[in-house]
Amino acid sequence: MKIKIYTYFCNKKSLIMHFVKLIEIIKKRRETLQVTQEMLADISGVGLRTLKAFESGKGNPTAETLIKLADALGLELTLQVKSKAE
């Protein structure tokens, strides 16, 4: 499964919406696999506090952290520049 993050000229509200979707995808995948936050933190090498903050929408994870989480869950994180709609 791939997670695509589109980067384009947008406002802050749009970026927040994309971040919320990313959180939902990672959390849902973790729950689908019946992996606890503690297990995911251990498997991914991401701190439990960091993971909890991310899933609650309070964290600001680095790309490296997102890649570690995605990899541990069998996901692929891709970044793509989206063309501005005309």
# chains A, B, ... in the order shown; residues from 1 in each chain; ligands from 1

$ residues_around --residues "region 57-65 of chain A" --least-positions-apart "4" --cutoff "10 Å" --atoms "only C-alpha atoms" --output "ChimeraX atom specification"
/A:16,19-20,23-24,44-47,49-53,69-71,77

$ write_last_selection --atoms "N, CA, C and O atoms" --output "short mmCIF file (atom, residue, chain, number, x, y, z; two decimals), in the first residue's frame"
data_model
loop_
_atom_site.label_atom_id
_atom_site.label_comp_id
_atom_site.auth_asym_id
_atom_site.auth_seq_id
_atom_site.Cartn_x
_atom_site.Cartn_y
_atom_site.Cartn_z
N ILE A 16 -2.97 20.77 6.65
CA ILE A 16 -3.46 20.11 7.86
C ILE A 16 -4.37 18.95 7.48
O ILE A 16 -4.30 17.88 8.07
N PHE A 19 -2.28 16.03 6.46
CA PHE A 19 -1.63 15.45 7.63
C PHE A 19 -2.60 14.59 8.41
O PHE A 19 -2.26 13.50 8.84
N VAL A 20 -3.83 15.06 8.56
CA VAL A 20 -4.87 14.30 9.28
C VAL A 20 -5.13 12.99 8.55
O VAL A 20 -5.24 11.93 9.17
N ILE A 23 -2.31 10.54 9.28
CA ILE A 23 -2.46 9.97 10.62
C ILE A 23 -3.50 8.85 10.58
O ILE A 23 -3.29 7.77 11.12
N GLU A 24 -4.64 9.10 9.93
CA GLU A 24 -5.71 8.10 9.84
C GLU A 24 -5.23 6.83 9.16
O GLU A 24 -5.53 5.72 9.62
N SER A 44 9.51 -0.30 14.86
CA SER A 44 9.96 0.77 13.96
C SER A 44 11.18 1.53 14.46
O SER A 44 11.87 2.19 13.67
N GLY A 45 11.42 1.46 15.75
CA GLY A 45 12.52 2.24 16.31
C GLY A 45 12.14 3.68 16.61
O GLY A 45 12.98 4.52 16.91
N VAL A 46 10.84 3.97 16.53
CA VAL A 46 10.32 5.30 16.84
C VAL A 46 9.91 5.30 18.31
O VAL A 46 9.32 4.33 18.80
N GLY A 47 10.22 6.36 19.02
CA GLY A 47 9.86 6.43 20.43
C GLY A 47 8.36 6.37 20.65
O GLY A 47 7.58 6.91 19.85
N ARG A 49 6.55 7.84 22.88
CA ARG A 49 6.01 9.18 23.09
C ARG A 49 5.79 9.89 21.75
O ARG A 49 4.78 10.55 21.52
N THR A 50 6.75 9.73 20.83
CA THR A 50 6.64 10.33 19.50
C THR A 50 5.45 9.75 18.75
O THR A 50 4.68 10.48 18.12
N LEU A 51 5.29 8.43 18.81
CA LEU A 51 4.19 7.76 18.13
C LEU A 51 2.84 8.21 18.69
O LEU A 51 1.91 8.51 17.93
N LYS A 52 2.73 8.26 20.00
CA LYS A 52 1.47 8.68 20.63
C LYS A 52 1.13 10.12 20.25
O LYS A 52 -0.02 10.45 19.98
N ALA A 53 2.13 10.98 20.25
CA ALA A 53 1.90 12.38 19.88
C ALA A 53 1.45 12.47 18.42
O ALA A 53 0.52 13.21 18.09
N LEU A 69 7.80 4.39 10.39
CA LEU A 69 6.47 3.88 10.74
C LEU A 69 5.84 3.16 9.56
O LEU A 69 5.30 2.06 9.70
N ALA A 70 5.90 3.79 8.39
CA ALA A 70 5.31 3.19 7.20
C ALA A 70 5.98 1.86 6.88
O ALA A 70 5.29 0.87 6.60
N ASP A 71 7.28 1.81 6.94
CA ASP A 71 8.02 0.59 6.63
C ASP A 71 7.64 -0.54 7.59
O ASP A 71 7.42 -1.68 7.16
N LEU A 77 5.86 5.21 1.70
CA LEU A 77 5.60 6.64 1.72
C LEU A 77 6.22 7.27 0.49
O LEU A 77 7.40 7.11 0.23
#

$ atom_distance --atom1 "CA of Ile67 (chain A)" --atom2 "CA of Gln34 (chain A)"
19.6 Å

$ residues_around --residues "Ile43 (chain A)" --least-positions-apart "3" --cutoff "10 Å" --atoms "only C-alpha atoms" --output "list in words"
Val35, Gln37, Glu38, Met39, Leu40, Val46, Lys68, Leu69, Asp71, Ala72 and Leu73 of chain A

$ write_last_selection --atoms "N, CA, C and O atoms" --output "compact mmCIF listing (two decimals), in the first residue's frame"
# COMPACT_ATOMS: atom_id res chain seq x y z
N VAL A 35 -1.58 -4.37 15.87
CA VAL A 35 -0.30 -3.97 16.45
C VAL A 35 -0.57 -2.83 17.42
O VAL A 35 -1.21 -1.85 17.06
N GLN A 37 0.49 0.36 19.96
CA GLN A 37 1.45 1.45 19.81
C GLN A 37 2.81 1.04 20.36
O GLN A 37 3.84 1.37 19.78
N GLU A 38 2.80 0.31 21.45
CA GLU A 38 4.06 -0.14 22.05
C GLU A 38 4.82 -1.06 21.10
O GLU A 38 6.04 -0.94 20.93
N MET A 39 4.09 -1.98 20.46
CA MET A 39 4.72 -2.90 19.51
C MET A 39 5.28 -2.14 18.31
O MET A 39 6.40 -2.40 17.88
N LEU A 40 4.50 -1.20 17.77
CA LEU A 40 4.95 -0.43 16.61
C LEU A 40 6.18 0.40 16.96
O LEU A 40 7.12 0.49 16.16
N VAL A 46 10.84 3.97 16.53
CA VAL A 46 10.32 5.30 16.84
C VAL A 46 9.91 5.30 18.31
O VAL A 46 9.32 4.33 18.80
N LYS A 68 9.95 5.30 8.80
CA LYS A 68 10.13 4.18 9.73
C LYS A 68 8.78 3.55 10.09
O LYS A 68 8.65 2.32 10.10
N LEU A 69 7.80 4.39 10.39
CA LEU A 69 6.47 3.88 10.74
C LEU A 69 5.84 3.16 9.56
O LEU A 69 5.30 2.06 9.70
N ASP A 71 7.28 1.81 6.94
CA ASP A 71 8.02 0.59 6.63
C ASP A 71 7.64 -0.54 7.59
O ASP A 71 7.42 -1.68 7.16
N ALA A 72 7.54 -0.23 8.87
CA ALA A 72 7.18 -1.24 9.86
C ALA A 72 5.77 -1.78 9.65
O ALA A 72 5.48 -2.92 10.01
N LEU A 73 4.91 -0.98 9.01
CA LEU A 73 3.53 -1.39 8.77
C LEU A 73 3.31 -1.93 7.36
O LEU A 73 2.18 -2.22 6.96
